[in-house]
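Asker: Before we start, here is the structure in question, set down as structure tokens.
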Amino acid sequence: MNKLLTYSEKGLSLLFGIVVWLFFTFFYSSHLHYQEQFQMFLFTSDYWSDLMSRPGGLADYIGTFLTQFYYYAWLGALIIACLLVLLQQQIYRITQEIRTEPLLYPLTFIPSLLFWSLLCDESYLLASLIAVHLILVAVQLCFYIRRPWFRIGYAAVVLLLLYWLAGGAFWIAALLFVLLEFACFNQFTRLQWTLFLLVVVACVVVPPFIAKQFLFYSLSRLWWGICYNRYPVISPIPLLVAWSSLILIPLLFRFVSVKSLKPNTTLIWFLLEVLVLAISGHWLMQRSVDWSKESVMAYDYSVRMEQWNKVIAMADRKTPDSPLSVACLNLALCQQGKLNDTMFRYFQNGPEGLLPGFQRDFTVPMIVGEIYYHLGFLNTSMRYAFEAMEAIPDYKKSSRAIKRMAEVNLLNGEYKVAEKYLRLLQHTLFYSRWATETLKCLGNETLIDRNPAWAQLRKYRITDDFLFSEQQKDQMLGLLFVHCKTNRIAYEYLIAYTLLSKDLTRFVQYFPLGKELGYSSIPVHYQEALLAFWAGSGRNPSEFPWPVSQAVGQQFTNYVRLSTAGGYAETQIRDLYSQTYWYYLQFRK
Amino acid sequence: MKHSILYFLYFVFLLSACNEPVQSPVMVNAKPLLYPDYTDVTVPATIAPLNFTLAAEKFDRIDVVVTGSQKGKLHLQSKEVIQFPLQDWKKLLADNKASDLKVVVSVKQQGKWKQYQPFAVHVSGYPIDYGLVYRLIAPGYEVYSKMGIYQRDLSSFEQKAIVENTLVPGTCVNCHAFNRNNPAQMNLHVRGANGATMLQVNGKMELYNTKTDSTISPCVYPYWHPSGQYIAYSVNQTRQAFHVVKHERIEVFDQASDVVVYDLRNNRLISCPQLKTEAFETFPVFSPDGKSLYFCSSKQQDIQSNYKRIKYSLCRIAFDAKTATFGNKVDTLISAAKTGKSISFPRPSFDGNYLMYTQSDYGNFSIWHREADLYLLKLADGTSRPLTEVNSNNTESFHDWSSNSHWFVFSSRRGDGLYTRLYIASIDGQGRVSKPFLLPQKDPRFYDATLFSYNIPEFVTAPVKVNANELEKKLLQKDRKKMYYAH
């Protein structure tokens with residue numbers, strides 16, 4: 001039976017790791033991609049010394065080193081799974097030093113579950129978990145020191161070191177040292193206890209105050225840790241709960257005694273515990289995950305990777321409803337030549353769903369910058385990338401933003417700046433090859449133009465200067481299109497902007513601009529808008545000047561009939577015509 | 001004895017491992033293309049080592065011999081960069097003050113040595129101030145990340161933060177200014193929800209709310225009166241816009257701006273009708289005798305349609321420090337209408353001989369203007385000339401004088417076109433300006449990797465002492481001394 005329990009323990013750890021891996025690989029992968037883009041791990045001594053110059057530096061360094069592997073979600077998921085299993089194993093090893101109690105084994109998963117839950121929040125960084133690993137390693141090493149005086153010295157040195165290497169969570173080690181002295185070693189004399197406690201208290205209280213004299217951080221950040229969360233000011237409660245579990249679980253092993261049970265009963269109890277743990281874990285995860293954010297991140301990732309069909313497939317499965325995801329969908333539809341015919345088949349939330357306005361944060365500009373880039377507003381896309389990077393609350397740099405800035409500077413002929421960014425990217429793991437290849441293009445326009453997308457963007461790029469206006473996006477789009485009349489994306493965005501703004505006068509004014517773009521017939525939504533415009537102008541339907549398909553014409557007649565009927569007609573209209581421009585025009589606020 | 005021989009042999013081995021003799025070099029009829037370019041520059045005798053490398057070519061080894069024309073010699077060899085030992089460098093410069101260093105650079109490529117024509121480094125007899133204070137910030141648009149105000153000891157590579165914006169999250173720090181480079185009288189702005197203007201005089205720190213009901217904005221662009229009793233500011237309603245074409249990025253405009261002077265003794269802002277007109281008045285600076293106030297002024301223009309017509313003239317108005325009153329007449333020293341150009345950042349030298357300013361095609365935020373150059377106005381005869389000795393085909397913008405007026409520092413984008421770096425040049429008694437040198441760094445490749453721009457360089461005669469804990473506490477208390485406007 002002992003063997004069976006041992007196998008169950010190992011199996012449970014393995015199963016836990018597999019579940020974590022599956023979760024992050026198949027259900028929460030976009031969160032990993034999201035994390036990866038808001039940092040730029042560099043294999044340089046400057047990067048190392050920059051992070052190591054503040055408390056928690058090593059945890060931050062290892063955390064950002066590992067986070068770069070999130071570039072591949074399966075690999076990132078594997079890293080998280082391994083770290084969470086390792087955490088469970090560390091807690092298990094520590095508890096084993098206190099008491100061997102197989103029946104309490106499932107409890108050792110609780111810290112891992114709590115950290116798993118934290119990592120579902122995109123604001124918590126991997127450094128928060130790494131810091132805990134470093135602390136527990138220091139605690140585990142303590143077991144090898146048998147002499148009490150040495151342990152006192154060890155505690156003093158390690159606590160000071162841990163403050164610098166792991167950051168504000170270092171006090172966990174202090175509490176565990178005390179617990180282990182009490183629960184494991186029990187060797188101290190009264191003098192040693194007094195000295196030990198004095199040393200521990202001093203080594204916990206003093207370091208942040210000393211750090212405060214040299215570093216420009218608030219004392220609270222020096223206490224709570226600088227690198228655990230992306231934001232400088234957060235509620236400490238989630239971290240406190242997770243940290244407390246690291247002390248409470250070993251404490252339970254010390255104080256909870258389990259009566260010896262029959263082997264079968266032991267196994268049943270064990271399985272029951274596992275079941276309770278699984279149910280609690282599931283409940284915790286349900287409360288921790290944010291599927292709406294995951295969805296936006298998935299849209300953003302697919303746009304970033306130019307997986308346009310994947311974006312449309314996602315929207316076909318579930319219509320996006322946030323401005324950012326709708327904006328991603330519209331870009332994908334446009335890239336696939338479907339915007340004119342299908343955009344109103346999906347939820348549209350006005351011009352903000354086409355070109356969301358600038359916000360001083362790190363997420364929105366990164367996504368919206370993609371749209372401006374594909375449109376050909378290179379400077380604006382670079383500005384958005386730059387602003388997004390500068391807005392990252394923990395002041396990290398963004399490899400995605402640097403890559404975009406390198407690209408735009410290259411296309412703008414700003415080769416020295418492009419080179420600067422490319423040389424930085426050469427120090428990364430996953431952008432290095434691209435950077436090295438791109439470096440060859442510096443000053444070589446022929447080579448640049450071999451990339452069809454770049455060649456096209458260089459053609460789209462505006463040559464007559466004006467000041468970009470967020471308030472007059474239709475005019476900006478118009479100027480962009482007028483500069484290069486083969487810029488189909490600019491034209492379709494211009495027209496879509498008027499449609500979404502319900503500005504049919506401008507639509508009719510701009511609509512003829514696209515006649516050189518080679519449409520075989522007037523796109524469906526344009527036909528719908530033209531009919532609506534004509535009807536709204538009160539002119540004679542028989543004088544309608546544009547060719548529309550019979551089906552659209554017939555649909556419009558029916559729509560008008562229903563919309564003037566009143567009563568239950570609105571529901572009927574929604575059922576029949578919610579995918580038309582007429583419905584958007586009449587019913588969408 | 002046996003051990004001594006062994007040690008000697010070991011020492012010889014080490015030497016031979018480090019330094020290869022430059023054997024039969026092929027002579028190259030050109031000076032080396034150093035990075036940074038320190039050929040034929042003039043430096044103060046206390047400057048940090050001018051470490052360099054060769055950027056344009058690959059090499060297996062670089063050998064450098066620096067010989068003082070008075071005395072002393074340094075010989076270094078490296079595989080990547082030349083980094084002079086600090087103490088040896090200091091001694092060499094001290095021994096050759098007001099004299100020259102001859103630098104011979106040889107490189108080994110594919111097993112063969114070649115030697116460039118020697119070049120000189122002129123060691124000036126004019127001393128330079130202790131250091132520089134500047135802001136390090138990414139050259140961004142509206143959002144800012146980590147930034148700070150730093151001081152750099154010019155005689156070493158030591159850079160220390162005076163304040164960083166991690167101290168109080170969400171803040172932006174800028175507009176540091178000292179009275180004639182004296183760190184005991186300091187102005188600093190902190191923007192953001194906890195923002196304030198910090199004035200520190202002889203160690204006493206006070207935080208101010210500089211916005212009054214009678215002024216259009218909080219005070220910016222500070223400049224101390226030499227008496228230390230006044231600070232000139234402008235109040236500006238500033239907005240940004242963004243260009244769409246390549247090679248252009250940002251435009252910063254004032255929709256309105258006036259000039260005010262803060263009277264420290266009476267805690268009041270004063271101005272006069274000539275400094276608060278419909279026109280845009282900005283960048284006020286006192287003359288070194290304190291009797292005049294220079295400022296820039298442009299006719300009001302519609303920004304969206306006529307932003308390229310906003311051109312600032314250099315003006316002057318009398319100021320009486322005893323009565324805190326202004327003269328009645330504004331003199332236009334350089335008229336934008338005549339030059340067709342725009343002036344920003346006027347800075348008089350402390351000896352009263354010159355006024356240096358930045359000239360660009362239009363507007364006042366010359367840092368984003370590629371055509372912006374430095375100009376020197378000779379105050380005695382009113383003649384003005386471009387500083388061709390220091391200007392480049394990229395942006396030159398903010399500048400500051402050393403306390404003896406024989407050195408000036410300026411920011412320039414000539415390095416890569418975007419990230420501003422600091423250059424220092426000297427001006428002698430006859431007005432001859434030397435070739436500028438880039439602020440030296442321990443690793444000369446530093447500038448390639450940094451994502452910070454050097455912003456608003458100001459000389460200081462001694463280290464700046466700001467108690468960051470006190471500043472943090474006062475910022476978070478939100479208790480501000482309010483400035484009052486005297487009507």
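Identifiers in this document derive from the order of the structure tokens: chains are assigned A, B, ..., residues are numbered from 1 separately in each chain, and ligands are numbered from 1 in order of occurrence.
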From range 150-306 of chain B, collect each residue whose DSSP state is helix (DSSP H, G or I) and return the set as number ranges by chain.
Answerer: B: 273-275, 303-306
Asker: So which residues touch range 164-171 of chain A within 10 Å, counting only C-alpha atoms, skipping near sequence neighbours fewer than 3 positions away, as number ranges by chain?
Answerer: A: 51-61, 127-136, 158-161, 174-177, 200-201, 203-205, 207-208, 211, 220-228, 239-240, 243
Asker: Might you pull out every residue within 8 Å of Leu480 in chain A, with only C-alpha atoms counted and same-chain residues fewer than 2 positions away left off, and present them as a PyMOL selection string?
Answerer: chain A and resi 376-377+460-462+476-478+482-484+490
Asker: Mind dumping the selected residues with N, CA and C atoms as a PDB file, in the first residue's frame?
Answerer:
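Everything below was put into out.pdb:
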ATOM      1  N   GLY A 376      -0.487  51.788 -43.931  1.00  0.00           N
ATOM      2  CA  GLY A 376       0.582  52.562 -44.561  1.00  0.00           C
ATOM      3  C   GLY A 376       0.917  53.832 -43.802  1.00  0.00           C
ATOM      4  N   PHE A 377       0.232  54.047 -42.664  1.00  0.00           N
ATOM      5  CA  PHE A 377       0.592  55.168 -41.788  1.00  0.00           C
ATOM      6  C   PHE A 377       1.795  54.734 -40.947  1.00  0.00           C
ATOM      7  N   TYR A 460       2.900  53.037 -50.265  1.00  0.00           N
ATOM      8  CA  TYR A 460       1.758  53.676 -49.590  1.00  0.00           C
ATOM      9  C   TYR A 460       2.180  54.914 -48.794  1.00  0.00           C
ATOM     10  N   ARG A 461       3.424  54.922 -48.347  1.00  0.00           N
ATOM     11  CA  ARG A 461       3.878  55.953 -47.410  1.00  0.00           C
ATOM     12  C   ARG A 461       3.678  57.356 -47.968  1.00  0.00           C
ATOM     13  N   ILE A 462       3.117  58.225 -47.148  1.00  0.00           N
ATOM     14  CA  ILE A 462       2.802  59.596 -47.578  1.00  0.00           C
ATOM     15  C   ILE A 462       4.086  60.401 -47.771  1.00  0.00           C
ATOM     16  N   MET A 476      -7.702  61.797 -42.700  1.00  0.00           N
ATOM     17  CA  MET A 476      -6.368  61.183 -42.747  1.00  0.00           C
ATOM     18  C   MET A 476      -6.367  60.014 -43.738  1.00  0.00           C
ATOM     19  N   LEU A 477      -7.428  59.204 -43.649  1.00  0.00           N
ATOM     20  CA  LEU A 477      -7.526  58.042 -44.551  1.00  0.00           C
ATOM     21  C   LEU A 477      -7.657  58.515 -45.997  1.00  0.00           C
ATOM     22  N   GLY A 478      -8.421  59.595 -46.173  1.00  0.00           N
ATOM     23  CA  GLY A 478      -8.597  60.140 -47.517  1.00  0.00           C
ATOM     24  C   GLY A 478      -7.274  60.605 -48.105  1.00  0.00           C
ATOM     25  N   VAL A 482      -5.505  59.161 -51.373  1.00  0.00           N
ATOM     26  CA  VAL A 482      -5.250  60.064 -52.508  1.00  0.00           C
ATOM     27  C   VAL A 482      -3.766  60.019 -52.895  1.00  0.00           C
ATOM     28  N   HIS A 483      -2.909  59.830 -51.891  1.00  0.00           N
ATOM     29  CA  HIS A 483      -1.474  59.749 -52.194  1.00  0.00           C
ATOM     30  C   HIS A 483      -1.153  58.519 -53.040  1.00  0.00           C
ATOM     31  N   CYS A 484      -1.802  57.398 -52.737  1.00  0.00           N
ATOM     32  CA  CYS A 484      -1.535  56.168 -53.496  1.00  0.00           C
ATOM     33  C   CYS A 484      -2.863  55.488 -53.785  1.00  0.00           C
ATOM     34  N   ALA A 490      -6.589  51.425 -47.531  1.00  0.00           N
ATOM     35  CA  ALA A 490      -6.927  52.800 -47.116  1.00  0.00           C
ATOM     36  C   ALA A 490      -8.317  53.173 -47.620  1.00  0.00           C
TER      37      ALA A 490
END
Asker: Between B:Met27, B:Ala324, B:Gly429, B:Leu451, which one has atoms that come closest to Asn266 in chain B, using only C-alpha atoms?
Answerer: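 Smallest separation from Asn266 in chain B among the options: B:Ala324.
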Asker: Quick one: residues within 12 Å of Gln471 in chain A, only C-alpha atoms, excluding same-chain residues fewer than 5 positions away - as a list of chain:residue names?
Answerer: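 Contacts, with the query itself left out: A:Pro351, A:Glu352, A:Leu355, A:Pro356, A:Gly357, A:Phe358, A:Met476, A:Leu477, B:Ala241.
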Asker: Can you write out the residues you just picked, keeping C-alpha atoms, as a short mmCIF file (atom, residue, chain, number, x, y, z; two decimals), in the first residue's frame?
Answerer:
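Output below, filename result_7.cif:
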data_model
loop_
_atom_site.label_atom_id
_atom_site.label_comp_id
_atom_site.auth_asym_id
_atom_site.auth_seq_id
_atom_site.Cartn_x
_atom_site.Cartn_y
_atom_site.Cartn_z
CA PRO A 351 -15.66 53.90 -35.82
CA GLU A 352 -13.94 52.90 -32.58
CA LEU A 355 -9.58 52.51 -35.63
CA PRO A 356 -9.74 52.68 -31.85
CA GLY A 357 -8.57 55.98 -30.40
CA PHE A 358 -5.21 56.43 -28.78
CA MET A 476 -6.37 61.18 -42.75
CA LEU A 477 -7.53 58.04 -44.55
CA ALA B 241 1.20 66.93 -33.11
#
Asker: Enumerate as a list in words the residues belonging to chain B that approach chain A to within 7 Å, with only C-alpha atoms taken into account.
Answerer: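 Therefore, the residues near the partner are Gly140, Tyr141, Val143, Tyr144, Ser145, Lys146, Val163, Glu164, Thr166, Leu167, Val168, Pro169, Ala241, Phe242, His243, Val244, Val245, Lys246, Asp416, Gly417, Leu418, Asp448 and Ala449 of chain B.
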Asker: Store the residues picked out above, limited to N, CA and C atoms, as a tab-separated table (two decimals), in the first residue's frame.
Answerer:
chain	number	residue	atom	x	y	z
B	140	GLY	N	10.50	59.97	-26.77
B	140	GLY	CA	9.16	59.51	-27.12
B	140	GLY	C	8.21	60.62	-27.49
B	141	TYR	N	6.96	60.30	-27.39
B	141	TYR	CA	5.92	61.19	-27.86
B	141	TYR	C	5.18	61.78	-26.66
B	143	VAL	N	3.81	59.55	-23.92
B	143	VAL	CA	3.91	58.68	-22.76
B	143	VAL	C	5.38	58.58	-22.37
B	144	TYR	N	5.64	58.48	-21.09
B	144	TYR	CA	7.03	58.32	-20.68
B	144	TYR	C	7.19	57.10	-19.78
B	145	SER	N	8.33	56.50	-19.90
B	145	SER	CA	8.67	55.32	-19.10
B	145	SER	C	9.61	55.77	-18.00
B	146	LYS	N	10.58	54.95	-17.67
B	146	LYS	CA	11.51	55.34	-16.62
B	146	LYS	C	12.35	56.52	-17.10
B	163	VAL	N	17.27	62.25	-9.02
B	163	VAL	CA	15.91	61.76	-8.76
B	163	VAL	C	15.48	60.92	-9.97
B	164	GLU	N	14.78	59.83	-9.68
B	164	GLU	CA	14.22	59.01	-10.76
B	164	GLU	C	12.71	58.95	-10.55
B	166	THR	N	10.80	56.57	-10.55
B	166	THR	CA	10.31	55.40	-9.80
B	166	THR	C	9.99	55.79	-8.36
B	167	LEU	N	10.50	56.95	-7.95
B	167	LEU	CA	10.31	57.40	-6.57
B	167	LEU	C	8.82	57.56	-6.25
B	168	VAL	N	8.13	58.24	-7.14
B	168	VAL	CA	6.68	58.38	-7.01
B	168	VAL	C	6.10	57.98	-8.37
B	169	PRO	N	5.47	56.80	-8.44
B	169	PRO	CA	5.00	56.32	-9.74
B	169	PRO	C	4.10	57.33	-10.46
B	241	ALA	N	1.79	67.52	-31.91
B	241	ALA	CA	1.20	66.93	-33.11
B	241	ALA	C	2.27	66.09	-33.78
B	242	PHE	N	1.83	65.25	-34.71
B	242	PHE	CA	2.77	64.26	-35.25
B	242	PHE	C	2.77	64.29	-36.76
B	243	HIS	N	3.94	64.32	-37.31
B	243	HIS	CA	4.09	64.35	-38.77
B	243	HIS	C	3.84	62.96	-39.35
B	244	VAL	N	3.52	62.95	-40.64
B	244	VAL	CA	3.25	61.66	-41.28
B	244	VAL	C	4.37	61.25	-42.25
B	245	VAL	N	5.26	62.14	-42.56
B	245	VAL	CA	6.29	61.79	-43.53
B	245	VAL	C	7.56	61.29	-42.84
B	246	LYS	N	8.35	60.56	-43.61
B	246	LYS	CA	9.61	60.07	-43.06
B	246	LYS	C	10.52	61.26	-42.72
B	416	ASP	N	22.73	59.14	-34.29
B	416	ASP	CA	21.92	58.19	-35.05
B	416	ASP	C	20.63	58.84	-35.58
B	417	GLY	N	20.51	60.13	-35.37
B	417	GLY	CA	19.34	60.82	-35.91
B	417	GLY	C	18.17	60.88	-34.96
B	418	LEU	N	18.24	60.21	-33.83
B	418	LEU	CA	17.10	60.22	-32.91
B	418	LEU	C	17.52	60.41	-31.45
B	448	ASP	N	25.44	53.16	-28.54
B	448	ASP	CA	24.71	52.34	-29.51
B	448	ASP	C	23.60	51.55	-28.84
B	449	ALA	N	23.81	51.21	-27.58
B	449	ALA	CA	22.87	50.32	-26.91
B	449	ALA	C	21.83	51.06	-26.07
Asker: Which is closest to Pro263 in chain A among A:Ile402, A:Leu103, A:Ala529, A:Ile91, if we use only C-alpha atoms?
Answerer: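 Closest residue, counting only C-alpha atoms: A:Leu103.
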Asker: Write out as a PyMOL selection string each polymer residue whose atoms come within 12 Å of Arg180 in chain B, counting only C-alpha atoms; drop sequence neighbours fewer than 5 positions from it.
Answerer: chain B and resi 129+185-186+223-228+231+285-290+347-351+400-405+458-462
Asker: With N, CA and C atoms retained, write the just-selected residues as a JSON list (two decimals), in the first residue's frame.
Answerer:
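This is the output file out-v8.json:
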[["chain", "number", "residue", "atom", "x", "y", "z"],
["B", 129, "ASP", "N", 33.74, 72.94, -15.40],
["B", 129, "ASP", "CA", 33.02, 72.74, -14.14],
["B", 129, "ASP", "C", 33.08, 71.27, -13.71],
["B", 185, "GLN", "N", 21.52, 76.34, -5.58],
["B", 185, "GLN", "CA", 20.26, 76.99, -5.95],
["B", 185, "GLN", "C", 19.69, 76.24, -7.15],
["B", 186, "MET", "N", 18.67, 75.48, -6.85],
["B", 186, "MET", "CA", 18.19, 74.53, -7.87],
["B", 186, "MET", "C", 16.68, 74.62, -8.04],
["B", 223, "TYR", "N", 14.85, 80.04, -15.34],
["B", 223, "TYR", "CA", 16.21, 80.60, -15.44],
["B", 223, "TYR", "C", 16.42, 81.55, -14.26],
["B", 224, "TRP", "N", 17.46, 81.30, -13.50],
["B", 224, "TRP", "CA", 17.70, 82.07, -12.29],
["B", 224, "TRP", "C", 18.29, 83.45, -12.58],
["B", 225, "HIS", "N", 17.85, 84.41, -11.79],
["B", 225, "HIS", "CA", 18.48, 85.72, -11.79],
["B", 225, "HIS", "C", 19.81, 85.58, -11.03],
["B", 226, "PRO", "N", 20.88, 86.24, -11.47],
["B", 226, "PRO", "CA", 22.17, 86.04, -10.80],
["B", 226, "PRO", "C", 22.15, 86.36, -9.30],
["B", 227, "SER", "N", 21.21, 87.22, -8.88],
["B", 227, "SER", "CA", 21.12, 87.52, -7.44],
["B", 227, "SER", "C", 20.54, 86.36, -6.66],
["B", 228, "GLY", "N", 19.91, 85.44, -7.34],
["B", 228, "GLY", "CA", 19.25, 84.32, -6.67],
["B", 228, "GLY", "C", 17.89, 84.70, -6.10],
["B", 231, "ILE", "N", 13.43, 84.08, -10.34],
["B", 231, "ILE", "CA", 13.53, 83.05, -11.39],
["B", 231, "ILE", "C", 12.57, 83.44, -12.51],
["B", 285, "VAL", "N", 15.45, 84.35, -20.18],
["B", 285, "VAL", "CA", 16.74, 84.17, -19.48],
["B", 285, "VAL", "C", 17.26, 85.55, -19.08],
["B", 286, "PHE", "N", 17.88, 85.61, -17.91],
["B", 286, "PHE", "CA", 18.45, 86.87, -17.47],
["B", 286, "PHE", "C", 19.85, 87.05, -18.04],
["B", 287, "SER", "N", 20.19, 88.30, -18.26],
["B", 287, "SER", "CA", 21.58, 88.59, -18.64],
["B", 287, "SER", "C", 22.45, 88.35, -17.39],
["B", 288, "PRO", "N", 23.76, 88.13, -17.59],
["B", 288, "PRO", "CA", 24.60, 87.83, -16.43],
["B", 288, "PRO", "C", 24.67, 88.96, -15.40],
["B", 289, "ASP", "N", 24.43, 90.21, -15.84],
["B", 289, "ASP", "CA", 24.41, 91.30, -14.86],
["B", 289, "ASP", "C", 23.04, 91.46, -14.23],
["B", 290, "GLY", "N", 22.10, 90.70, -14.70],
["B", 290, "GLY", "CA", 20.76, 90.71, -14.10],
["B", 290, "GLY", "C", 19.91, 91.90, -14.51],
["B", 347, "ARG", "N", 20.82, 81.60, -24.52],
["B", 347, "ARG", "CA", 21.62, 81.37, -23.30],
["B", 347, "ARG", "C", 22.81, 82.32, -23.31],
["B", 348, "PRO", "N", 22.80, 83.38, -22.50],
["B", 348, "PRO", "CA", 23.95, 84.28, -22.47],
["B", 348, "PRO", "C", 25.12, 83.63, -21.75],
["B", 349, "SER", "N", 26.33, 83.90, -22.23],
["B", 349, "SER", "CA", 27.50, 83.41, -21.50],
["B", 349, "SER", "C", 27.65, 84.24, -20.24],
["B", 350, "PHE", "N", 28.23, 83.64, -19.21],
["B", 350, "PHE", "CA", 28.27, 84.33, -17.92],
["B", 350, "PHE", "C", 29.27, 85.50, -17.93],
["B", 351, "ASP", "N", 30.18, 85.53, -18.91],
["B", 351, "ASP", "CA", 31.11, 86.66, -18.98],
["B", 351, "ASP", "C", 30.50, 87.85, -19.72],
["B", 400, "ASP", "N", 24.34, 74.85, -22.89],
["B", 400, "ASP", "CA", 24.58, 75.54, -21.61],
["B", 400, "ASP", "C", 26.06, 75.90, -21.51],
["B", 401, "TRP", "N", 26.34, 76.99, -20.79],
["B", 401, "TRP", "CA", 27.70, 77.49, -20.65],
["B", 401, "TRP", "C", 28.31, 76.98, -19.34],
["B", 402, "SER", "N", 29.62, 76.77, -19.35],
["B", 402, "SER", "CA", 30.32, 76.50, -18.09],
["B", 402, "SER", "C", 30.43, 77.82, -17.33],
["B", 403, "SER", "N", 30.77, 77.76, -16.06],
["B", 403, "SER", "CA", 30.74, 78.97, -15.24],
["B", 403, "SER", "C", 31.80, 79.98, -15.68],
["B", 404, "ASN", "N", 32.91, 79.52, -16.32],
["B", 404, "ASN", "CA", 33.91, 80.48, -16.80],
["B", 404, "ASN", "C", 33.66, 80.89, -18.26],
["B", 405, "SER", "N", 32.57, 80.39, -18.82],
["B", 405, "SER", "CA", 32.14, 80.73, -20.19],
["B", 405, "SER", "C", 33.14, 80.30, -21.26],
["B", 458, "GLU", "N", 23.04, 70.65, -18.17],
["B", 458, "GLU", "CA", 23.39, 71.87, -17.41],
["B", 458, "GLU", "C", 24.69, 71.59, -16.67],
["B", 459, "PHE", "N", 25.62, 72.52, -16.78],
["B", 459, "PHE", "CA", 26.85, 72.40, -15.99],
["B", 459, "PHE", "C", 26.55, 72.65, -14.52],
["B", 460, "VAL", "N", 27.29, 71.98, -13.66],
["B", 460, "VAL", "CA", 27.24, 72.31, -12.22],
["B", 460, "VAL", "C", 28.68, 72.38, -11.70],
["B", 461, "THR", "N", 28.88, 73.28, -10.77],
["B", 461, "THR", "CA", 30.24, 73.50, -10.26],
["B", 461, "THR", "C", 30.61, 72.51, -9.16],
["B", 462, "ALA", "N", 29.63, 71.80, -8.63],
["B", 462, "ALA", "CA", 29.87, 70.83, -7.56],
["B", 462, "ALA", "C", 28.73, 69.80, -7.59]]
Asker: DSSP on the backbone, strand (DSSP E or B) only: what residues of range 365-407 of chain B does that give? Format it as an NGL selection string.
Answerer: :B and (373-378 or 383-386 or 396-401 or 407)
Asker: Counting only C-alpha atoms, what is within 10 Å of range 98-101 of chain B, bar same-chain residues fewer than 5 positions away, as a list of chain:residue names?
Answerer: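 Within the cut-off, the hits are B:Asp40, B:Thr42, B:Val43, B:Pro44, B:Ala45, B:Val65, B:Val66, B:Thr67, B:Gly68, B:Ser69, B:Gln70, B:Lys71, B:Gly72, B:Lys73, B:Leu92, B:Leu93, B:Pro118, B:Phe119, B:Ala120, B:Val121, B:His122, B:Val123, B:Ser124, B:Gly125, B:Tyr126.
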Asker: Can I get the selection written as a PDB file, in the first residue's frame, with C-alpha atoms?
Answerer:
ATOM      1  CA  ASP B  40      41.823  66.898 -33.030  1.00  0.00           C
ATOM      2  CA  THR B  42      40.011  70.163 -27.455  1.00  0.00           C
ATOM      3  CA  VAL B  43      39.361  68.815 -23.989  1.00  0.00           C
ATOM      4  CA  PRO B  44      39.647  70.155 -20.454  1.00  0.00           C
ATOM      5  CA  ALA B  45      42.540  68.772 -18.445  1.00  0.00           C
ATOM      6  CA  VAL B  65      50.202  55.255 -28.252  1.00  0.00           C
ATOM      7  CA  VAL B  66      49.413  58.613 -26.663  1.00  0.00           C
ATOM      8  CA  THR B  67      52.379  60.890 -26.176  1.00  0.00           C
ATOM      9  CA  GLY B  68      52.216  64.163 -24.292  1.00  0.00           C
ATOM     10  CA  SER B  69      54.060  67.062 -25.903  1.00  0.00           C
ATOM     11  CA  GLN B  70      55.266  68.054 -22.434  1.00  0.00           C
ATOM     12  CA  LYS B  71      55.720  64.676 -20.866  1.00  0.00           C
ATOM     13  CA  GLY B  72      54.201  61.270 -20.356  1.00  0.00           C
ATOM     14  CA  LYS B  73      53.107  58.436 -22.578  1.00  0.00           C
ATOM     15  CA  LEU B  92      48.914  62.525 -18.602  1.00  0.00           C
ATOM     16  CA  LEU B  93      46.391  65.335 -19.063  1.00  0.00           C
ATOM     17  CA  PRO B 118      48.719  60.621 -35.912  1.00  0.00           C
ATOM     18  CA  PHE B 119      46.150  63.032 -34.613  1.00  0.00           C
ATOM     19  CA  ALA B 120      46.155  65.487 -31.756  1.00  0.00           C
ATOM     20  CA  VAL B 121      44.062  65.949 -28.661  1.00  0.00           C
ATOM     21  CA  HIS B 122      44.438  69.510 -27.441  1.00  0.00           C
ATOM     22  CA  VAL B 123      44.400  69.835 -23.681  1.00  0.00           C
ATOM     23  CA  SER B 124      42.924  73.215 -22.883  1.00  0.00           C
ATOM     24  CA  GLY B 125      44.214  75.536 -20.237  1.00  0.00           C
ATOM     25  CA  TYR B 126      40.647  76.513 -19.341  1.00  0.00           C
TER      26      TYR B 126
END
Asker: If we count only C-alpha atoms and set the cut-off at 9 Å, which residues sit around Ala372 in chain B, ignoring sequence neighbours fewer than 4 positions away in its own chain? Please answer as number ranges by chain.
Answerer: B: 358-361, 366-368, 391, 393-397
